[in-house]
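File shown: model-v9.txt. Contents: compact mmCIF, C-alpha atoms.
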```txt
# COMPACT_ATOMS: atom_id res chain seq x y z
CA MET A 983 30.64 -10.44 -135.35
CA GLU A 984 28.61 -10.59 -132.16
CA HIS A 985 26.27 -13.59 -131.88
CA HIS A 986 22.64 -12.59 -131.32
CA GLY A 987 21.05 -16.01 -131.79
CA VAL A 988 19.05 -17.07 -134.82
CA GLY A 989 15.40 -16.15 -135.29
CA ALA A 990 13.01 -13.36 -136.10
CA ALA A 991 13.49 -11.48 -132.82
CA PRO A 992 17.28 -11.05 -133.10
CA PHE A 993 16.92 -10.11 -136.76
CA VAL A 994 14.36 -7.42 -135.89
CA GLU A 995 16.75 -6.09 -133.24
CA LEU A 996 19.54 -5.81 -135.80
CA ALA A 997 17.19 -4.37 -138.41
CA ARG A 998 16.01 -1.63 -136.05
CA SER A 999 19.60 -0.74 -135.26
CA ALA A 1000 20.42 -0.62 -138.98
CA VAL A 1001 17.44 1.63 -139.68
CA ASP A 1002 18.52 4.06 -136.96
CA ARG A 1003 22.08 4.18 -138.33
CA VAL A 1004 20.88 4.71 -141.89
CA VAL A 1005 18.53 7.53 -140.91
CA ASP A 1006 21.17 9.29 -138.83
CA GLY A 1007 23.99 8.76 -141.32
CA ASN A 1008 22.23 9.87 -144.50
CA LYS A 1009 20.83 13.28 -143.65
CA ASP A 1010 23.13 15.12 -146.05
CA GLY A 1011 22.81 12.49 -148.77
CA VAL A 1012 19.02 12.47 -148.58
CA ALA A 1013 18.93 16.26 -148.74
CA ARG A 1014 21.18 16.33 -151.83
CA ALA A 1015 19.27 13.55 -153.54
CA ALA A 1016 15.90 15.16 -152.78
CA ARG A 1017 17.04 18.44 -154.30
CA LEU A 1018 18.16 16.63 -157.45
CA VAL A 1019 14.83 14.80 -157.71
CA ALA A 1020 12.81 17.97 -157.11
CA ASP A 1021 14.82 19.89 -159.70
CA CYS A 1022 14.34 17.07 -162.21
CA VAL A 1023 10.56 16.95 -161.72
CA ALA A 1024 10.29 20.75 -161.84
CA ALA A 1025 12.13 20.74 -165.18
CA ASP A 1026 9.69 18.17 -166.63
CA GLY A 1027 12.30 15.47 -166.24
CA VAL A 1028 12.06 11.77 -165.50
CA VAL A 1029 13.89 9.88 -162.74
CA HIS A 1030 15.42 6.67 -164.15
CA ALA A 1031 16.30 3.85 -161.73
CA PHE A 1032 18.71 1.04 -162.59
CA GLY A 1033 19.80 -1.95 -160.56
CA THR A 1034 20.77 -5.51 -161.39
CA GLY A 1035 20.22 -8.63 -159.30
CA HIS A 1036 18.42 -8.00 -156.04
CA SER A 1037 19.05 -4.27 -156.39
CA GLN A 1038 16.09 -4.32 -158.75
CA ALA A 1039 13.93 -4.30 -155.61
CA ALA A 1040 15.05 -0.75 -154.82
CA ALA A 1041 14.53 0.27 -158.46
CA LEU A 1042 10.93 -0.95 -158.13
CA GLU A 1043 10.63 1.24 -155.05
CA VAL A 1044 11.61 4.27 -157.14
CA ALA A 1045 9.52 3.67 -160.22
CA GLY A 1046 5.81 3.18 -160.67
CA ARG A 1047 4.51 2.54 -157.18
CA ALA A 1048 1.56 3.95 -155.25
CA GLY A 1049 2.62 6.96 -153.23
CA GLY A 1050 5.62 7.53 -155.48
CA LEU A 1051 6.41 10.00 -158.21
CA VAL A 1052 4.81 9.53 -161.62
CA PRO A 1053 7.79 10.70 -163.77
CA THR A 1054 9.87 7.63 -162.94
CA SER A 1055 11.25 4.92 -165.18
CA ARG A 1056 12.88 1.57 -164.40
CA ILE A 1057 15.76 0.26 -166.47
CA ALA A 1058 16.30 -3.51 -166.54
CA LEU A 1059 18.38 -5.99 -168.49
CA ALA A 1060 15.07 -7.42 -169.75
CA ASP A 1061 14.64 -4.19 -171.74
CA LEU A 1062 17.11 -5.64 -174.24
CA VAL A 1063 14.52 -8.31 -175.09
CA LEU A 1064 11.17 -6.69 -174.39
CA ARG A 1065 11.91 -3.41 -176.17
CA GLY A 1066 15.30 -3.91 -177.79
CA GLY A 1067 14.56 -6.88 -180.02
CA GLU A 1068 17.22 -9.22 -178.59
CA ASP A 1069 16.69 -12.97 -178.37
CA PRO A 1070 15.42 -13.98 -174.87
CA ALA A 1071 18.36 -16.38 -174.60
CA ILE A 1072 20.62 -13.37 -174.03
CA LEU A 1073 19.24 -13.07 -170.49
CA ARG A 1074 20.64 -16.51 -169.63
CA ASP A 1075 24.17 -15.38 -170.45
CA PRO A 1076 26.08 -15.19 -167.14
CA LEU A 1077 28.44 -12.69 -168.75
CA LEU A 1078 25.70 -10.39 -170.06
CA GLU A 1079 26.54 -7.67 -167.57
CA ARG A 1080 30.09 -7.60 -168.92
CA SER A 1081 29.14 -7.45 -172.59
CA PRO A 1082 30.58 -4.52 -174.60
CA GLY A 1083 28.13 -1.76 -175.38
CA LEU A 1084 25.58 -2.82 -172.75
CA ALA A 1085 25.47 0.62 -171.13
CA ASP A 1086 24.99 2.30 -174.50
CA ARG A 1087 22.08 0.00 -175.37
CA LEU A 1088 20.32 0.39 -172.04
CA TYR A 1089 20.77 4.15 -172.13
CA ALA A 1090 19.29 4.38 -175.62
CA LEU A 1091 16.31 2.22 -174.65
CA ALA A 1092 15.63 4.51 -171.68
CA THR A 1093 15.01 7.39 -174.15
CA PRO A 1094 16.28 10.02 -171.68
CA ARG A 1095 16.07 13.77 -172.12
CA PRO A 1096 18.80 16.17 -170.95
CA GLN A 1097 16.94 17.18 -167.78
CA ASP A 1098 16.47 13.57 -166.61
CA LEU A 1099 18.04 12.19 -163.43
CA PHE A 1100 19.47 8.70 -162.89
CA VAL A 1101 19.46 6.61 -159.72
CA ILE A 1102 21.78 3.60 -159.80
CA ILE A 1103 21.48 0.96 -157.11
CA SER A 1104 24.26 -1.52 -156.34
CA ASN A 1105 25.34 -2.93 -153.00
CA SER A 1106 28.95 -3.41 -154.07
CA GLY A 1107 29.07 -0.53 -156.54
CA VAL A 1108 31.99 -2.12 -158.38
CA ASN A 1109 30.47 -4.37 -161.06
CA ASN A 1110 31.36 -3.44 -164.62
CA ALA A 1111 27.77 -3.02 -165.80
CA VAL A 1112 26.98 -0.60 -162.99
CA VAL A 1113 30.12 1.50 -163.40
CA ASP A 1114 29.82 1.48 -167.21
CA PHE A 1115 26.26 2.76 -166.92
CA ALA A 1116 27.27 5.41 -164.39
CA LEU A 1117 30.01 6.61 -166.73
CA LYS A 1118 27.54 6.69 -169.59
CA VAL A 1119 24.91 8.80 -167.84
CA THR A 1120 27.35 11.22 -166.22
CA GLY A 1121 29.23 11.55 -169.50
CA ALA A 1122 25.94 12.55 -171.10
CA GLY A 1123 25.52 15.29 -168.50
CA HIS A 1124 22.86 13.74 -166.27
CA PRO A 1125 23.01 14.07 -162.49
CA LEU A 1126 23.44 10.76 -160.68
CA VAL A 1127 22.28 9.44 -157.31
CA ALA A 1128 24.05 6.32 -156.06
CA LEU A 1129 22.39 3.95 -153.59
CA THR A 1130 24.98 1.53 -152.27
CA SER A 1131 26.66 -0.01 -149.24
CA LEU A 1132 29.72 2.04 -148.40
CA GLU A 1133 31.05 -0.76 -146.20
CA HIS A 1134 30.78 -3.27 -149.02
CA THR A 1135 32.13 -1.02 -151.77
CA HIS A 1136 35.24 -0.17 -149.75
CA ALA A 1137 35.78 -3.81 -148.72
CA VAL A 1138 36.24 -5.07 -152.29
CA PRO A 1139 38.56 -4.06 -155.15
CA ALA A 1140 37.33 -1.84 -157.94
CA LEU A 1141 36.71 -4.13 -160.94
CA HIS A 1142 36.18 -1.57 -163.68
CA PRO A 1143 39.19 -0.80 -165.91
CA SER A 1144 38.83 2.88 -164.97
CA GLY A 1145 39.41 2.04 -161.31
CA LYS A 1146 36.16 3.84 -160.49
CA ARG A 1147 33.40 2.77 -158.17
CA LEU A 1148 29.79 3.90 -158.41
CA VAL A 1149 30.27 6.29 -155.49
CA ASP A 1150 33.13 8.03 -157.29
CA LEU A 1151 30.76 9.18 -160.04
CA ALA A 1152 27.68 10.23 -158.07
CA ASP A 1153 26.38 13.70 -157.27
CA ALA A 1154 24.61 12.31 -154.19
CA VAL A 1155 25.36 9.08 -152.30
CA LEU A 1156 22.91 7.12 -150.16
CA ASP A 1157 24.46 4.46 -147.90
CA ASN A 1158 22.09 1.59 -147.14
CA GLY A 1159 24.21 0.55 -144.17
CA ALA A 1160 24.45 -3.09 -145.23
CA PRO A 1161 27.59 -5.02 -144.32
CA ALA A 1162 29.77 -6.60 -146.96
CA GLY A 1163 27.72 -9.54 -148.14
CA ASP A 1164 24.45 -7.89 -146.97
CA ALA A 1165 23.40 -10.54 -144.40
CA VAL A 1166 23.32 -9.36 -140.78
CA LEU A 1167 22.26 -12.30 -138.60
CA PRO A 1168 25.29 -14.43 -137.63
CA LEU A 1169 25.07 -18.20 -137.82
CA PRO A 1170 26.73 -20.27 -135.07
CA GLY A 1171 28.93 -22.16 -137.55
CA GLY A 1172 30.00 -19.05 -139.44
CA GLY A 1173 28.38 -16.99 -142.13
CA ALA A 1174 25.18 -15.02 -141.80
CA LEU A 1175 21.62 -14.80 -143.07
CA CYS A 1176 18.90 -12.19 -143.56
CA GLY A 1177 19.94 -9.46 -145.97
CA ILE A 1178 19.20 -5.94 -144.80
CA SER A 1179 19.74 -3.85 -147.91
CA THR A 1180 16.21 -4.13 -149.31
CA LEU A 1181 14.69 -2.80 -146.10
CA THR A 1182 17.11 0.09 -145.67
CA SER A 1183 17.24 0.98 -149.37
CA SER A 1184 13.44 1.18 -149.50
CA LEU A 1185 13.51 3.46 -146.48
CA LEU A 1186 16.05 5.76 -148.14
CA VAL A 1187 14.06 5.93 -151.37
CA GLN A 1188 10.92 6.94 -149.50
CA MET A 1189 12.83 9.52 -147.45
CA VAL A 1190 14.14 11.10 -150.65
CA VAL A 1191 10.69 11.10 -152.25
CA ALA A 1192 9.14 12.70 -149.15
CA ASP A 1193 11.75 15.47 -149.03
CA ALA A 1194 11.58 16.02 -152.80
CA VAL A 1195 7.81 16.45 -152.65
CA ALA A 1196 8.22 18.86 -149.73
CA LEU A 1197 10.63 20.93 -151.85
CA LEU A 1198 8.21 20.95 -154.80
CA LEU A 1199 5.35 22.08 -152.57
CA ALA A 1200 7.53 24.81 -151.08
CA ASP A 1201 8.23 26.02 -154.64
CA GLY A 1202 4.52 26.08 -155.45
CA ILE A 1203 4.67 23.04 -157.74
CA GLU A 1204 1.96 20.38 -157.52
CA PRO A 1205 3.83 17.08 -157.24
CA PRO A 1206 2.78 14.35 -159.68
CA VAL A 1207 2.23 11.44 -157.28
CA TYR A 1208 0.61 8.07 -157.91
CA VAL A 1209 -2.39 6.88 -155.95
CA SER A 1210 -3.22 3.20 -155.78
CA ALA A 1211 -4.91 1.94 -158.93
CA ASN A 1212 -7.01 -0.21 -156.62
CA LEU A 1213 -8.77 2.83 -155.14
CA PRO A 1214 -11.87 4.26 -156.86
CA GLY A 1215 -10.75 6.58 -159.68
CA GLY A 1216 -7.09 5.78 -159.05
CA HIS A 1217 -6.35 4.28 -162.44
CA GLU A 1218 -7.97 7.18 -164.29
CA ARG A 1219 -6.15 9.78 -162.20
CA ASN A 1220 -2.81 8.06 -162.72
CA ALA A 1221 -3.40 7.77 -166.47
CA ARG A 1222 -3.99 11.53 -166.71
CA LEU A 1223 -0.71 12.21 -164.93
CA GLU A 1224 1.20 9.66 -167.01
CA ALA A 1225 -0.08 11.29 -170.20
CA ARG A 1226 2.24 14.24 -169.50
CA TYR A 1227 5.19 11.88 -170.01
CA ALA A 1228 3.89 9.84 -172.94
CA GLY A 1229 6.55 7.48 -174.31
CA ARG A 1230 9.04 8.33 -171.56
CA LEU A 1231 8.00 6.01 -168.69
CA HIS A 1232 9.40 2.50 -169.05
CA ARG A 1233 8.93 -0.05 -166.30
CA GLY A 1234 11.33 -2.89 -166.93
CA GLY A 1235 10.30 -3.64 -170.47
CA HIS A 1236 6.83 -2.13 -170.60
```
Show me, as structure tokens, the structure contained in the file I just sent.
Amino acid sequence: MEHHGVGAAPFVELARSAVDRVVDGNKDGVARAARLVADCVAADGVVHAFGTGHSQAAALEVAGRAGGLVPTSRIALADLVLRGGEDPAILRDPLLERSPGLADRLYALATPRPQDLFVIISNSGVNNAVVDFALKVTGAGHPLVALTSLEHTHAVPALHPSGKRLVDLADAVLDNGAPAGDAVLPLPGGGALCGISTLTSSLLVQMVVADAVALLLADGIEPPVYVSANLPGGHERNARLEARYAGRLHRGGH
């Protein structure tokens, strides 16, 4: 790995390069994902986002943010406690993501309808919980968008008993361009710092949303988009839009 020095300036240089690569390399993936999102919204569906660990940051970018789509729901392991009645101690279990039936429980708590779309975010795309959940939603007939690092997922062995990776199950794949291990800024003594996946994944999510809204407008459909609740009338406007999806929008336990 080429040494760029350590500091904000070399990181920004690498980040800009990563952004350019991600934009150029995901044109087809963004188009496919945007079509899936637009079709879901047009069919009165909800877009469900799931990620564990730091991938939850990209799930937050999908669901429930100003400038984003209203019919969005975030799935989190905390749902097992906050809506599923489990003891909070379960979240301290380091093997929780490997527990049998986890995908079934999370899917049930999401209360999906047949027309709903799922977005699963995982840098490696090989962890059992992620692949189990992908198998669950695709087995139930839902379309799936995967947001992952193709470099990372192909650099590590598939861990799931099926031999599948997240990308093997997706209808559209978005590559966040992160290296294996995520960090991009080399350290002189070896290793690296400054993960890039949050920045590039957020960019990809917003690109998909922008293109999906463009497709809805082209089809004559008014897109249900959040405004900031901190603007005058914003909370009231958002509440009217959310009422269309009563009981279907979950935001990590709420």
Exercise. To one decimal place, how far is CA of Arg1017 in chain A from CA of Ala1200 in chain A in Å?
Worked result: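 Between CA of Arg1017 in chain A and CA of Ala1200 in chain A the gap works out to 11.9 Å.
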For this session: Select, from A:Ala1040, A:Val1029, A:Val1052, A:Ala1162, the residue with the minimum atom-to-atom distance to Ala1221 in chain A, counting all atoms listed in the file.
Result: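 Of the candidates, the smallest distance to Ala1221 in chain A is held by A:Val1052.
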For this session: Could you give me, as a list in words, the residues within 7 Å of range 1087-1094 of chain A, counting only C-alpha atoms and dropping anything in the same chain fewer than 5 positions from it?
Result: Ile1057, Gly1066 and Arg1230 of chain A
Exercise. Using only C-alpha atoms, which residue out of A:Ile1178, A:Ala1058, A:Ile1203, A:Leu1185 lies closest to Pro1161 in chain A?
Worked result: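 Nearest to Pro1161 in chain A: A:Ile1178.
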Problem set entry | Å distance separating CA of Gly1049 in chain A from CA of Val1063 in chain A, one decimal place |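 Those two atoms sit 29.2 Å apart.
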For this session: Measuring atom to atom with all atoms listed in the file, identify which of A:Gly1172, A:Pro1053, A:Pro1070, A:Pro1139 is nearest to Asn1220 in chain A.
Result: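 Ranking A:Gly1172, A:Pro1053, A:Pro1070, A:Pro1139 by distance to Asn1220 in chain A, first place goes to A:Pro1053.
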Sorted per-residue table, range 1008-1044 of chain A near range 1142-1156 of chain A, closest atoms and distance, 10 Å, only C-alpha atoms, as a tab-separated table:
```
residue	atom	partner	partner_atom	distance
A:Asn1008	CA	A:Leu1156	CA	6.3
A:Lys1009	CA	A:Leu1156	CA	9.2
A:Asp1010	CA	A:Ala1154	CA	8.7
A:Gly1011	CA	A:Val1155	CA	5.5
A:Val1012	CA	A:Leu1156	CA	6.8
A:Ala1013	CA	A:Ala1154	CA	8.8
A:Arg1014	CA	A:Ala1154	CA	5.8
A:Ala1015	CA	A:Ala1154	CA	5.5
A:Ala1016	CA	A:Ala1154	CA	9.3
A:Arg1017	CA	A:Ala1154	CA	9.7
A:Leu1018	CA	A:Ala1154	CA	8.4
```
Per residue of range 1104-1163 of chain A within 8 Å of range 1073-1085 of chain A, record the nearest atom pair and its distance in Å to one decimal, counting all atoms listed in the file, with rows in chain order and ascending residue number, as a Markdown table.
```
| residue | atom | partner | partner_atom | distance |
| --- | --- | --- | --- | --- |
| A:Asn1110 | CA | A:Arg1080 | CA | 6.1 |
| A:Ala1111 | CA | A:Glu1079 | CA | 5.1 |
| A:Asp1114 | CA | A:Ala1085 | CA | 5.9 |
| A:Phe1115 | CA | A:Ala1085 | CA | 4.8 |
| A:Lys1118 | CA | A:Ala1085 | CA | 6.6 |
```
Problem set entry | Residue nearest Leu1213 in chain A - candidates A:Ala1048, A:Leu1167, A:Leu1064, A:Leu1199, atoms counted: all atoms listed in the file |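 Distance minimum relative to Leu1213 in chain A lands on A:Ala1048.
The closest residue to Val1101 in chain A, picked from A:Val1119, A:Leu1132, A:Ala1192, A:Ala1060 and counting only C-alpha atoms, is A:Val1119.
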All heavy atoms are needed for range 1212-1223 of chain A; please write them out as a PDB file, keeping the file's coordinate frame.
```pdb
ATOM      1  N   ASN A1212      -5.949   0.591-157.209  1.00  0.00           N
ATOM      2  CA  ASN A1212      -7.010  -0.210-156.620  1.00  0.00           C
ATOM      3  C   ASN A1212      -7.958   0.611-155.756  1.00  0.00           C
ATOM      4  O   ASN A1212      -8.819   0.048-155.069  1.00  0.00           O
ATOM      5  CB  ASN A1212      -6.407  -1.348-155.791  1.00  0.00           C
ATOM      6  CG  ASN A1212      -5.642  -2.337-156.659  1.00  0.00           C
ATOM      7  OD1 ASN A1212      -6.134  -2.767-157.696  1.00  0.00           O
ATOM      8  ND2 ASN A1212      -4.432  -2.663-156.257  1.00  0.00           N
ATOM      9  N   LEU A1213      -7.811   1.934-155.781  1.00  0.00           N
ATOM     10  CA  LEU A1213      -8.770   2.830-155.140  1.00  0.00           C
ATOM     11  C   LEU A1213      -9.698   3.389-156.219  1.00  0.00           C
ATOM     12  O   LEU A1213      -9.296   3.530-157.386  1.00  0.00           O
ATOM     13  CB  LEU A1213      -8.040   3.979-154.434  1.00  0.00           C
ATOM     14  CG  LEU A1213      -7.241   3.616-153.197  1.00  0.00           C
ATOM     15  CD1 LEU A1213      -6.472   4.835-152.691  1.00  0.00           C
ATOM     16  CD2 LEU A1213      -8.150   3.072-152.093  1.00  0.00           C
ATOM     17  N   PRO A1214     -10.934   3.719-155.871  1.00  0.00           N
ATOM     18  CA  PRO A1214     -11.870   4.260-156.860  1.00  0.00           C
ATOM     19  C   PRO A1214     -11.287   5.484-157.572  1.00  0.00           C
ATOM     20  O   PRO A1214     -10.839   6.436-156.920  1.00  0.00           O
ATOM     21  CB  PRO A1214     -13.097   4.622-156.024  1.00  0.00           C
ATOM     22  CG  PRO A1214     -13.031   3.709-154.846  1.00  0.00           C
ATOM     23  CD  PRO A1214     -11.570   3.549-154.543  1.00  0.00           C
ATOM     24  N   GLY A1215     -11.271   5.462-158.892  1.00  0.00           N
ATOM     25  CA  GLY A1215     -10.750   6.580-159.680  1.00  0.00           C
ATOM     26  C   GLY A1215      -9.250   6.635-159.767  1.00  0.00           C
ATOM     27  O   GLY A1215      -8.703   7.508-160.463  1.00  0.00           O
ATOM     28  N   GLY A1216      -8.551   5.726-159.081  1.00  0.00           N
ATOM     29  CA  GLY A1216      -7.090   5.780-159.050  1.00  0.00           C
ATOM     30  C   GLY A1216      -6.465   5.560-160.411  1.00  0.00           C
ATOM     31  O   GLY A1216      -5.548   6.294-160.808  1.00  0.00           O
ATOM     32  N   HIS A1217      -6.926   4.572-161.122  1.00  0.00           N
ATOM     33  CA  HIS A1217      -6.350   4.280-162.440  1.00  0.00           C
ATOM     34  C   HIS A1217      -6.518   5.464-163.387  1.00  0.00           C
ATOM     35  O   HIS A1217      -5.572   5.846-164.095  1.00  0.00           O
ATOM     36  CB  HIS A1217      -7.004   3.037-163.041  1.00  0.00           C
ATOM     37  CG  HIS A1217      -6.542   2.730-164.427  1.00  0.00           C
ATOM     38  ND1 HIS A1217      -5.302   2.199-164.697  1.00  0.00           N
ATOM     39  CD2 HIS A1217      -7.148   2.920-165.635  1.00  0.00           C
ATOM     40  CE1 HIS A1217      -5.159   2.065-166.015  1.00  0.00           C
ATOM     41  NE2 HIS A1217      -6.263   2.490-166.595  1.00  0.00           N
ATOM     42  N   GLU A1218      -7.700   6.053-163.390  1.00  0.00           N
ATOM     43  CA  GLU A1218      -7.970   7.180-164.290  1.00  0.00           C
ATOM     44  C   GLU A1218      -7.105   8.381-163.927  1.00  0.00           C
ATOM     45  O   GLU A1218      -6.581   9.065-164.814  1.00  0.00           O
ATOM     46  CB  GLU A1218      -9.453   7.543-164.230  1.00  0.00           C
ATOM     47  CG  GLU A1218     -10.398   6.492-164.792  1.00  0.00           C
ATOM     48  CD  GLU A1218     -10.613   5.302-163.869  1.00  0.00           C
ATOM     49  OE1 GLU A1218     -10.218   5.393-162.675  1.00  0.00           O
ATOM     50  OE2 GLU A1218     -11.172   4.284-164.331  1.00  0.00           O
ATOM     51  N   ARG A1219      -6.978   8.649-162.637  1.00  0.00           N
ATOM     52  CA  ARG A1219      -6.150   9.780-162.200  1.00  0.00           C
ATOM     53  C   ARG A1219      -4.698   9.562-162.597  1.00  0.00           C
ATOM     54  O   ARG A1219      -4.036  10.469-163.112  1.00  0.00           O
ATOM     55  CB  ARG A1219      -6.256   9.949-160.688  1.00  0.00           C
ATOM     56  CG  ARG A1219      -5.396  11.076-160.133  1.00  0.00           C
ATOM     57  CD  ARG A1219      -5.450  11.108-158.605  1.00  0.00           C
ATOM     58  NE  ARG A1219      -4.678  12.210-158.063  1.00  0.00           N
ATOM     59  CZ  ARG A1219      -3.353  12.187-157.899  1.00  0.00           C
ATOM     60  NH1 ARG A1219      -2.653  11.112-158.266  1.00  0.00           N
ATOM     61  NH2 ARG A1219      -2.727  13.238-157.394  1.00  0.00           N
ATOM     62  N   ASN A1220      -4.197   8.355-162.370  1.00  0.00           N
ATOM     63  CA  ASN A1220      -2.810   8.060-162.720  1.00  0.00           C
ATOM     64  C   ASN A1220      -2.574   8.173-164.225  1.00  0.00           C
ATOM     65  O   ASN A1220      -1.532   8.664-164.661  1.00  0.00           O
ATOM     66  CB  ASN A1220      -2.438   6.659-162.240  1.00  0.00           C
ATOM     67  CG  ASN A1220      -2.379   6.554-160.724  1.00  0.00           C
ATOM     68  OD1 ASN A1220      -2.264   7.552-160.025  1.00  0.00           O
ATOM     69  ND2 ASN A1220      -2.478   5.334-160.218  1.00  0.00           N
ATOM     70  N   ALA A1221      -3.547   7.708-165.009  1.00  0.00           N
ATOM     71  CA  ALA A1221      -3.400   7.770-166.470  1.00  0.00           C
ATOM     72  C   ALA A1221      -3.314   9.210-166.952  1.00  0.00           C
ATOM     73  O   ALA A1221      -2.547   9.516-167.879  1.00  0.00           O
ATOM     74  CB  ALA A1221      -4.575   7.054-167.134  1.00  0.00           C
ATOM     75  N   ARG A1222      -4.070  10.110-166.319  1.00  0.00           N
ATOM     76  CA  ARG A1222      -3.990  11.530-166.710  1.00  0.00           C
ATOM     77  C   ARG A1222      -2.614  12.097-166.415  1.00  0.00           C
ATOM     78  O   ARG A1222      -2.052  12.864-167.213  1.00  0.00           O
ATOM     79  CB  ARG A1222      -5.077  12.329-165.974  1.00  0.00           C
ATOM     80  CG  ARG A1222      -6.488  12.097-166.496  1.00  0.00           C
ATOM     81  CD  ARG A1222      -7.446  13.144-165.968  1.00  0.00           C
ATOM     82  NE  ARG A1222      -7.555  13.140-164.520  1.00  0.00           N
ATOM     83  CZ  ARG A1222      -8.427  12.386-163.837  1.00  0.00           C
ATOM     84  NH1 ARG A1222      -9.251  11.569-164.489  1.00  0.00           N
ATOM     85  NH2 ARG A1222      -8.486  12.449-162.521  1.00  0.00           N
ATOM     86  N   LEU A1223      -2.044  11.722-165.276  1.00  0.00           N
ATOM     87  CA  LEU A1223      -0.710  12.210-164.930  1.00  0.00           C
ATOM     88  C   LEU A1223       0.344  11.602-165.848  1.00  0.00           C
ATOM     89  O   LEU A1223       1.274  12.284-166.289  1.00  0.00           O
ATOM     90  CB  LEU A1223      -0.398  11.884-163.474  1.00  0.00           C
ATOM     91  CG  LEU A1223      -1.188  12.656-162.415  1.00  0.00           C
ATOM     92  CD1 LEU A1223      -0.935  12.089-161.035  1.00  0.00           C
ATOM     93  CD2 LEU A1223      -0.817  14.137-162.441  1.00  0.00           C
TER      94      LEU A1223
END
```
